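Please read the structure below before turning to the comments.
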2 protein chains.
Amino acid sequence: MPDEAQRPPERARRLPRAVRERQILDAAVQVFSRHGYHAASMDEISDVAGVSKPMIYTYLGSKEDLFGKSIQREATRLLEAIQAGVQPDLPPDMQLWHGLRSFYRFVAEYRESWTVLHRQALTVGGAFAAEITAMRTRAIELVAALVVSAGTRKGLGEQAEFSGAGLSAALVGAAESLADWALDHPEISDGVLASWLMNLVWLGFNDLVEGAVWKPSEG
Amino acid sequence: MPDEAQRPPERARRLPRAVRERQILDAAVQVFSRHGYHAASMDEISDVAGVSKPMIYTYLGSKEDLFGKSIQREATRLLEAIQAGVQPDLPPDMQLWHGLRSFYRFVAEYRESWTVLHRQALTVGGAFAAEITAMRTRAIELVAALVVSAGTRKGLGEQAEFSGAGLSAALVGAAESLADWALDHPEISDGVLASWLMNLVWLGFNDLVEGAVWKPSEG
DNA sequence: CGGCAAGGCTACCGGCGAGTAGATAAGCGG
DNA sequence: CCGCTTATCTACTCGCCGGTAGCCTTGCCG
């Protein structure tokens, strides 16, 4: 089979800059998610991307730049995925439910994105850690708003408002931890995962053992 | 002030091996918790410990050995702190309550230990990550046992048992996340933190907004 | 008071990996 | 078909850091 003439030389087919940049970012996310920032080498990233090292430097700058751009792209993806699934005019519990489902769908589909954001980004001190922490804080505040909203809607917002920040931090942590757990149990659907969390935090264990089960009232 | 004669020469006072080993481990935990495994340098650790680099190698072995021993010591401390606070003959909710309080007390007192265990240990692939993951899994299973025990005690263990693993993972994640949050809010006592979690997971938000509040039934 | 084990140090090696210099080739405009 | 822009490579430099060789020194023990 004379396929050598047909298939152009395996490596280094000339491609427009934008495409190469995307490939490099893909490779970077993959390698960073596997080894973390410090243990990842530019050589391995260039290997995975299928280009040579200088390309990375001419297109995307230093290792730190590259990491920053990787983080930024994945963070944007995550936020957009969640925002796409949430409808702001629904009641708080339904908003949370849809947000959680979108979140777990994203984690399942882009597990490397999630890993690099959740685990690796904090291990580089400085600006990135701050950026990630800020993003996480926004998420917590968003959840806190939902909680307070649900609380005041039923009266007695006092207690809920007081401990809202801490509780929301705990809830976000629970969601993240369950996401990690779900990576090892891909057979569990995002709907089930979200339901577990809703039962855990919205109804609570006590209601659960008494037989009450929360489930989406519509859609 | 003639204090030079009284105070023996600042550096390199001769000390027995056991003491030096402790100092080096203290320094290692401190530096590892600040920079993570890869970004930490043996030079900085030796600086902080107040000894020269070869001492570390003669006493505690390679960088990886040193990290392993640091992890091991801190993990043991954490486990002992928690076990010291828990009484196995109490009902499940009280056991969880006391365990959580001990946990938060430990994190507040040894924040560097917590950081190195929680954040940094996973960034070194291989044996350490596995060890830490195993420890965490044991914690999750322990909590799961409590949950199932509480569930069957009230009848209807079916549902609780089915989702117990995932829920426990979420609960442990919530506890960890709240611990991180508490690092930035040292004015919140361990009792309050533990109470929040108990309300979150044992009674649930729903009961909370309806006015019910869990509190320790004795001591 | 002398010797010797244990404590401790300075000064170095070697490799790995970030980052670069400078050459080469492929396609597009004329 | 000619050149020039842009994509791309090979092959290097250089500093940092894990790890070590060899030497000094303190103080206990007889």
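Labels for the structure tokens follow display order: chains A, B, ..., residues from 1 in each chain, ligands from 1.
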Return as a tab-separated table the residues of chain D lying at most 8 Å from region 4-23 of chain C, together with the closest atom-to-atom pair for each and the distance in Å to one decimal, counting only C-alpha atoms (C1' of nucleotides), with rows in chain order and ascending residue number.
```
residue	atom	partner	partner_atom	distance
D:DC24	C1'	C:DC9	C1'	7.5
D:DT25	C1'	C:DG8	C1'	8.0
D:DT26	C1'	C:DG7	C1'	7.9
```
Using only C-alpha atoms (C1' of nucleotides), which residues of chain D come within 12 Å of chain B, and what is the closest atom pair for each, with the distance in Å to one decimal? Give it as a Markdown table, sorted by chain and residue number.
```
| residue | atom | partner | partner_atom | distance |
| --- | --- | --- | --- | --- |
| D:DC16 | C1' | B:Ser41 | CA | 9.9 |
| D:DC17 | C1' | B:Ser41 | CA | 7.1 |
| D:DG18 | C1' | B:Met42 | CA | 7.7 |
| D:DG19 | C1' | B:Ser62 | CA | 8.1 |
| D:DT20 | C1' | B:Pro54 | CA | 8.2 |
| D:DA21 | C1' | B:Pro54 | CA | 10.9 |
| D:DT25 | C1' | B:Arg14 | CA | 10.0 |
| D:DT26 | C1' | B:Arg14 | CA | 7.5 |
| D:DG27 | C1' | B:Arg14 | CA | 9.2 |
```
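The residues of chain B lying at most 8 Å from chain C, with only C-alpha atoms (C1' of nucleotides) taken into account, are B:Ala12, B:Arg14, B:Leu15, B:Pro16, B:Ser52, B:Met55.
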Inset, instruction - Just give me the gap between CA of Gly50 (chain B) and CA of Leu183 (chain B) in Å, one decimal is fine. - result: 27.9 Å
Inset, instruction - Pick out the closest residue to Val143 (chain B) from this set: B:Ser177, B:Ser189, B:Ser168, B:Gln87. Count only C-alpha atoms. - result: B:Ser168
